[in-house]
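Participant: Got a file for you: target.csv, CSV, C-alpha atoms.
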```
chain,number,residue,atom,x,y,z
S,22,MET,CA,-4.7,-13.8,-31.3
S,23,LYS,CA,-4.4,-17.5,-30.4
S,24,GLN,CA,-3.0,-16.7,-27.0
S,25,TYR,CA,-6.3,-15.1,-26.0
S,26,THR,CA,-8.2,-18.3,-26.4
S,27,GLU,CA,-5.7,-20.6,-24.6
S,28,GLU,CA,-5.7,-21.9,-21.1
S,29,THR,CA,-3.5,-20.2,-18.6
S,30,PHE,CA,-3.0,-20.5,-14.8
S,31,HIS,CA,-5.8,-18.0,-14.0
S,32,PHE,CA,-8.0,-18.8,-17.0
S,33,ASP,CA,-8.3,-22.5,-16.4
S,34,ILE,CA,-10.9,-23.1,-19.1
S,35,SER,CA,-10.8,-26.9,-19.1
S,36,ASN,CA,-12.1,-26.9,-15.5
S,37,GLU,CA,-15.5,-28.6,-15.3
S,38,LYS,CA,-17.1,-25.6,-13.5
S,39,ILE,CA,-16.3,-23.4,-16.5
S,40,GLN,CA,-17.3,-26.1,-19.0
S,41,SER,CA,-20.6,-26.5,-17.3
S,42,ILE,CA,-21.4,-22.8,-17.7
S,43,VAL,CA,-20.5,-23.0,-21.4
S,44,ALA,CA,-22.9,-25.9,-21.8
S,45,PHE,CA,-25.6,-24.2,-19.8
S,46,LEU,CA,-25.3,-21.0,-22.0
S,47,ASN,CA,-25.4,-23.1,-25.2
S,48,LYS,CA,-28.3,-25.3,-24.1
S,49,GLY,CA,-27.9,-27.4,-27.3
S,50,GLU,CA,-28.6,-24.4,-29.4
S,51,THR,CA,-26.5,-23.2,-32.3
S,52,VAL,CA,-25.5,-19.6,-31.6
S,53,THR,CA,-23.0,-17.2,-33.2
S,54,LYS,CA,-20.0,-16.0,-31.3
S,55,LYS,CA,-21.6,-12.6,-30.8
S,56,GLU,CA,-24.8,-14.2,-29.5
S,57,PHE,CA,-22.8,-16.4,-27.1
S,58,ALA,CA,-20.7,-13.4,-25.9
S,59,ILE,CA,-23.9,-11.4,-25.1
S,60,LYS,CA,-25.4,-14.3,-23.2
S,61,ALA,CA,-22.2,-14.9,-21.2
S,62,TYR,CA,-21.9,-11.2,-20.4
S,63,LEU,CA,-25.5,-11.1,-19.0
S,64,HIS,CA,-25.0,-14.3,-17.1
S,65,VAL,CA,-21.8,-13.0,-15.3
S,66,ARG,CA,-23.2,-9.5,-14.8
S,67,ASP,CA,-26.3,-10.8,-12.9
S,68,THR,CA,-25.3,-14.1,-11.4
S,69,TRP,CA,-22.5,-12.7,-9.2
S,70,PRO,CA,-23.7,-9.5,-7.4
S,71,TYR,CA,-21.1,-6.8,-7.2
S,72,ASN,CA,-19.3,-6.7,-3.9
S,73,PRO,CA,-16.1,-4.6,-3.6
S,74,ASN,CA,-15.4,-5.4,0.0
S,75,ARG,CA,-13.1,-8.4,-0.4
S,76,PHE,CA,-10.0,-8.4,-2.5
S,77,SER,CA,-7.7,-11.4,-2.4
S,78,LEU,CA,-4.0,-11.0,-2.7
S,79,ILE,CA,-3.4,-14.7,-3.0
S,80,ASN,CA,-2.5,-15.7,-6.5
S,81,GLU,CA,-4.3,-19.1,-6.5
S,82,ASP,CA,-7.6,-17.3,-5.5
S,83,TRP,CA,-7.6,-15.7,-8.9
S,84,LYS,CA,-8.3,-18.8,-10.9
S,85,ALA,CA,-11.6,-18.5,-12.7
S,86,SER,CA,-12.7,-21.9,-11.4
S,87,GLU,CA,-12.2,-20.6,-7.8
S,88,LEU,CA,-14.0,-17.3,-8.4
S,89,ILE,CA,-17.0,-19.1,-9.8
S,90,THR,CA,-17.6,-20.7,-6.4
S,91,HIS,CA,-18.1,-17.3,-4.7
S,92,LYS,CA,-21.5,-15.9,-4.3
S,93,SER,CA,-20.5,-12.3,-5.3
S,94,GLY,CA,-17.5,-10.5,-6.6
S,95,HIS,CA,-15.9,-7.2,-7.5
S,96,CYS,CA,-15.3,-6.0,-11.1
S,97,ILE,CA,-12.1,-7.9,-11.7
S,98,ASP,CA,-13.4,-11.1,-10.2
S,99,LYS,CA,-16.3,-11.0,-12.7
S,100,VAL,CA,-14.1,-10.1,-15.7
S,101,VAL,CA,-11.9,-13.1,-15.0
S,102,ILE,CA,-14.9,-15.4,-14.9
S,103,LEU,CA,-16.2,-13.9,-18.2
S,104,ILE,CA,-12.9,-14.3,-19.9
S,105,ALA,CA,-12.7,-17.9,-19.0
S,106,ILE,CA,-16.2,-18.6,-20.2
S,107,LEU,CA,-15.5,-16.9,-23.5
S,108,ARG,CA,-12.1,-18.6,-24.0
S,109,ALA,CA,-13.7,-21.9,-23.3
S,110,ALA,CA,-16.1,-21.1,-26.3
S,111,ASN,CA,-13.1,-20.2,-28.4
S,112,ILE,CA,-13.8,-16.5,-28.3
S,113,PRO,CA,-10.6,-14.3,-27.7
S,114,ALA,CA,-10.8,-12.3,-24.5
S,115,ARG,CA,-8.4,-10.5,-22.3
S,116,LEU,CA,-8.3,-8.5,-19.0
S,117,GLY,CA,-8.1,-4.7,-19.0
S,118,LEU,CA,-7.3,-2.5,-16.0
S,119,ALA,CA,-8.1,1.1,-15.4
S,120,LYS,CA,-8.4,3.8,-12.8
S,121,VAL,CA,-11.9,5.3,-12.4
S,122,LYS,CA,-13.8,7.8,-10.3
S,123,ASN,CA,-17.1,6.7,-9.0
S,124,HIS,CA,-19.6,9.3,-7.8
S,125,ILE,CA,-22.5,7.2,-6.6
S,126,ALA,CA,-22.7,4.7,-3.7
S,127,ILE,CA,-19.1,5.0,-2.8
S,128,ASP,CA,-19.4,6.2,0.8
S,129,HIS,CA,-17.8,3.0,2.2
S,130,ILE,CA,-14.8,3.3,-0.1
S,131,VAL,CA,-14.3,7.0,0.8
S,132,GLU,CA,-14.6,6.1,4.5
S,133,LYS,CA,-11.9,3.5,4.3
S,134,PHE,CA,-9.5,5.0,1.8
S,135,GLY,CA,-10.3,8.7,1.9
S,136,SER,CA,-10.8,8.7,-1.8
S,137,ASP,CA,-13.5,8.2,-4.5
S,138,ILE,CA,-10.9,6.9,-6.9
S,139,LEU,CA,-11.2,3.1,-7.6
S,140,VAL,CA,-8.1,1.3,-8.7
S,141,PRO,CA,-7.6,-1.1,-10.2
S,142,HIS,CA,-11.0,-1.3,-12.0
S,143,GLY,CA,-11.4,-4.3,-14.3
S,144,TYR,CA,-12.9,-4.5,-17.8
S,145,ILE,CA,-12.9,-7.1,-20.5
S,146,GLU,CA,-11.9,-6.9,-24.2
S,147,ILE,CA,-13.6,-9.4,-26.4
S,148,TYR,CA,-12.6,-10.0,-30.0
S,149,LEU,CA,-15.7,-10.1,-32.2
S,150,ASN,CA,-16.1,-9.4,-35.9
S,151,ASN,CA,-12.5,-8.5,-36.4
S,152,LYS,CA,-12.3,-5.9,-33.6
S,153,TRP,CA,-11.7,-5.7,-29.9
S,154,ILE,CA,-14.7,-4.5,-27.9
S,155,LYS,CA,-14.6,-3.3,-24.3
S,156,ALA,CA,-17.3,-4.3,-21.7
S,157,THR,CA,-17.8,-4.1,-18.0
S,158,PRO,CA,-20.0,-6.8,-16.4
S,159,ALA,CA,-19.5,-5.4,-12.8
S,160,PHE,CA,-22.9,-3.9,-11.8
S,161,ASN,CA,-25.7,-6.4,-11.6
S,162,LYS,CA,-29.3,-5.4,-12.5
S,163,GLU,CA,-30.5,-5.3,-8.9
S,164,LEU,CA,-27.7,-3.0,-7.8
S,165,CYS,CA,-28.4,-0.6,-10.7
S,166,GLN,CA,-32.0,-0.4,-9.8
S,167,LEU,CA,-31.1,0.3,-6.2
S,168,LEU,CA,-28.7,3.1,-7.3
S,169,ASN,CA,-31.1,4.5,-9.9
S,170,VAL,CA,-28.6,3.8,-12.7
S,171,HIS,CA,-29.4,2.4,-16.1
S,172,VAL,CA,-28.2,-1.2,-16.3
S,173,LEU,CA,-25.2,-1.5,-18.6
S,174,GLU,CA,-26.1,-3.6,-21.6
S,175,PHE,CA,-23.7,-5.2,-24.2
S,176,ASP,CA,-24.7,-5.6,-27.8
S,177,GLY,CA,-21.5,-7.4,-29.0
S,178,GLU,CA,-20.7,-4.5,-31.4
S,179,ASN,CA,-20.0,-1.4,-29.3
S,180,HIS,CA,-17.9,-0.6,-26.3
S,181,SER,CA,-19.9,-0.8,-23.0
S,182,ILE,CA,-17.7,0.3,-20.2
S,183,PHE,CA,-19.6,2.7,-17.9
S,184,GLN,CA,-22.8,4.4,-17.0
S,185,GLU,CA,-21.9,8.0,-17.4
S,186,PHE,CA,-24.9,9.4,-15.6
S,187,ASP,CA,-27.6,8.1,-13.3
S,188,GLN,CA,-31.2,7.7,-14.6
S,189,THR,CA,-32.0,11.4,-13.9
S,190,GLY,CA,-29.2,12.4,-16.3
S,191,ASN,CA,-28.0,15.0,-13.8
S,192,GLN,CA,-25.4,13.2,-11.7
S,193,VAL,CA,-22.2,11.8,-13.1
S,194,PHE,CA,-21.9,8.1,-12.2
S,195,MET,CA,-18.4,7.0,-13.4
S,196,GLU,CA,-15.5,8.4,-15.4
S,197,TYR,CA,-12.3,6.7,-16.5
S,198,LEU,CA,-9.1,8.6,-15.4
S,199,ASP,CA,-6.4,6.2,-16.7
S,200,ASP,CA,-6.1,3.0,-18.6
S,201,TYR,CA,-3.3,0.6,-17.8
S,202,GLY,CA,-3.8,-1.6,-20.8
S,203,THR,CA,-4.6,-5.3,-21.2
S,204,PHE,CA,-3.2,-8.5,-19.8
S,205,ASN,CA,-3.2,-12.2,-20.6
S,206,GLU,CA,-3.0,-13.2,-16.9
S,207,VAL,CA,-4.1,-11.6,-13.7
S,208,PRO,CA,-1.1,-9.3,-12.8
S,209,LEU,CA,-1.6,-9.5,-9.1
S,210,PRO,CA,1.7,-7.8,-8.0
S,211,PHE,CA,1.0,-4.9,-10.4
S,212,MET,CA,-2.5,-4.6,-9.1
S,213,PHE,CA,-1.3,-4.6,-5.5
S,214,GLN,CA,1.3,-1.9,-6.4
S,215,LEU,CA,-1.5,0.3,-7.8
S,216,MET,CA,-3.5,-0.1,-4.7
S,217,THR,CA,-0.7,0.8,-2.3
S,218,ASP,CA,0.3,3.8,-4.5
S,219,HIS,CA,-3.3,5.2,-4.3
S,220,TYR,CA,-4.3,4.0,-0.8
S,221,PRO,CA,-1.6,4.5,1.8
S,222,LYS,CA,-3.8,3.0,4.5
S,223,ILE,CA,-3.1,-0.4,3.0
S,224,LYS,CA,0.6,-0.1,3.8
S,225,GLU,CA,-0.2,1.4,7.2
S,226,LYS,CA,-2.3,-1.6,8.1
S,227,GLY,CA,0.4,-4.0,7.0
S,228,VAL,CA,-1.5,-5.7,4.2
S,229,VAL,CA,0.8,-7.7,2.0
S,230,LEU,CA,0.7,-10.0,-1.0
S,231,GLY,CA,-0.5,-13.4,0.1
S,232,SER,CA,-3.2,-12.1,2.4
S,233,ILE,CA,-6.9,-11.1,2.0
S,234,LEU,CA,-7.8,-7.4,1.9
S,235,ASN,CA,-11.2,-7.0,3.6
S,236,LEU,CA,-12.5,-3.5,3.9
S,237,SER,CA,-14.4,-4.3,7.1
S,238,ASN,CA,-11.0,-4.8,8.7
S,239,LEU,CA,-9.4,-1.6,7.7
```
Is it possible to give me this structure as structure tokens?

Facilitator:
Amino acid sequence: MKQYTEETFHFDISNEKIQSIVAFLNKGETVTKKEFAIKAYLHVRDTWPYNPNRFSLINEDWKASELITHKSGHCIDKVVILIAILRAANIPARLGLAKVKNHIAIDHIVEKFGSDILVPHGYIEIYLNNKWIKATPAFNKELCQLLNVHVLEFDGENHSIFQEFDQTGNQVFMEYLDDYGTFNEVPLPFMFQLMTDHYPKIKEKGVVLGSILNLSNL
């Protein structure tokens, strides 16, 4: 368990940017680990609006302290930030990767990749009250309102990984197709392999590790 509270290359929890967020969330108050985890989840969910259009293939770009400087991020960006914040508060956390199918607001992805499959999709596992709990801080409140989808809450006790339906209850929003397990670092080569396996266009365009994948350029 100790390994999931320690500093790593990507989860550089001693960085002042991460430490300042921890201090901001604590605000001099005494909170339980569960209360802090909920506050951190909400902060990450709504501070960095979801933006799937940029995906860095540069290892150094995946440091939490670097991702914090961005104005938006996709699901894995936001999970890395949340993991770092939680570890800095001595709460065990790790990165999970999955393959999902999204049925709402995915026209741009389908246009570029010819598929409504999203891979890799990132989620977090947080260790609270002697169990691992899954959560997904990807979709900020404003985006959910725009998409007519219930915002995904986290209560620190139950898994919170997807909105199954939109607010009408009639249209499926997201479903998990595969789970690749959890990781103690950002497995960038593995993530890139998943992308090239599912999206041949990436290879066709000559995108390689060490570059930036921007959907607008595909």

Participant: Between S:Ala44, S:Asn238, S:Ala58, S:Trp83, which has the minimum distance to Leu149 of chain S (counting only C-alpha atoms)?

Facilitator: S:Ala58

Participant: Taking all atoms listed in the file into account, name the residue in S:Val207, S:Leu88, S:Ile112, S:Ile102 that is nearest to Asn151 of chain S.

Facilitator: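 Smallest distance to Asn151 of chain S is found for S:Ile112.
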
Participant: For Ile97 of chain S, which of S:Gly49, S:Pro221, S:Gly143, S:Pro73 is the closest residue, counting all atoms listed in the file?

Facilitator: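 When distances to Ile97 of chain S are compared using all atoms listed in the file, the smallest one comes from S:Gly143.
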
Participant: Would you pick out the contacts of Asn36 of chain S at 10 Å or less, using all atoms listed in the file, so that residues sharing its chain but fewer than 6 positions from it are not included, and give the list as a PyMOL selection string?

Facilitator: chain S and resi 28+85-87+105+109

Participant: Could you tell me how far atom CA of Gly190 of chain S lies from atom CA of Cys165 of chain S, in Å and to one decimal?

Facilitator: 14.2 Å

Participant: Give one line per residue of segment 68-181 of chain S that approaches segment 195-200 of chain S to at most 6 Å, naming the two atoms of the closest pair and their distance in Å to one decimal, counting all atoms listed in the file; sort by chain then ascending residue number and deliver it as CSV.

Facilitator:
```
residue,atom,partner,partner_atom,distance
S:Ala119,CA,S:Asp200,CA,4.2
S:Lys120,CA,S:Asp199,CA,5.0
S:Val121,CA,S:Tyr197,CA,4.4
S:Lys122,CA,S:Glu196,CA,5.4
S:Asn123,CA,S:Met195,CA,4.6
```

Participant: Taking (-12.3, -4.8, -1.0) as a centre in this file's frame and 10 Å as the limit, can you find every polymer residue with an atom that close, using all atoms listed in the file, and give them as a ChimeraX atom specification?

Facilitator: /S:72-77,94-95,130,133,233-239

Participant: Can you write out the residues you just picked, keeping C-alpha atoms, as a tab-separated table (two decimals), keeping the file's coordinate frame?

Facilitator:
```
chain	number	residue	atom	x	y	z
S	72	ASN	CA	-19.30	-6.70	-3.90
S	73	PRO	CA	-16.10	-4.60	-3.60
S	74	ASN	CA	-15.40	-5.40	0.00
S	75	ARG	CA	-13.10	-8.40	-0.40
S	76	PHE	CA	-10.00	-8.40	-2.50
S	77	SER	CA	-7.70	-11.40	-2.40
S	94	GLY	CA	-17.50	-10.50	-6.60
S	95	HIS	CA	-15.90	-7.20	-7.50
S	130	ILE	CA	-14.80	3.30	-0.10
S	133	LYS	CA	-11.90	3.50	4.30
S	233	ILE	CA	-6.90	-11.10	2.00
S	234	LEU	CA	-7.80	-7.40	1.90
S	235	ASN	CA	-11.20	-7.00	3.60
S	236	LEU	CA	-12.50	-3.50	3.90
S	237	SER	CA	-14.40	-4.30	7.10
S	238	ASN	CA	-11.00	-4.80	8.70
S	239	LEU	CA	-9.40	-1.60	7.70
```

Participant: Nearest to Lys152 of chain S: which of S:Ala114, S:Asp137, S:Ile42, S:His171 is it, counting only C-alpha atoms?

Facilitator: S:Ala114

Participant: Of the residues S:Phe30, S:Phe213, S:Phe57, S:Tyr71, which is the one nearest to Leu164 of chain S, using only C-alpha atoms?

Facilitator: S:Tyr71

Participant: Which of these residues is nearest to Leu173 of chain S, using only C-alpha atoms: S:Ile59, S:Lys84, S:Trp153, S:Leu78?

Facilitator: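 Closest to Leu173 of chain S of all the choices is S:Ile59.
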
Participant: So which residues touch Tyr144 of chain S within 7 Å, counting only C-alpha atoms, skipping near sequence neighbours fewer than 6 positions away, as an MDAnalysis selection string?

Facilitator: chainID S and resid 100 116:118 155:157

Participant: Please measure the separation of atom CA of Leu107 of chain S and atom CA of Gln166 of chain S, giving the value in Å to one decimal.

Facilitator: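 A separation of 27.1 Å between them.
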
Participant: Give me, as a VMD selection string, all polymer residues having an atom no more than 12 Å from His64 of chain S, counting all atoms listed in the file and skipping those fewer than 6 positions away in the same chain.

Facilitator: chain S and resid 42 to 43 45 to 47 57 to 58 70 89 99 to 100 102 to 103 106 to 107 158 to 162 174 to 175

Participant: Do you have the atom CA of Glu206 of chain S-atom CA of Lys48 of chain S distance handy?

Facilitator: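 Interatomic distance, atom CA of Glu206 of chain S to atom CA of Lys48 of chain S: 29.0 Å.
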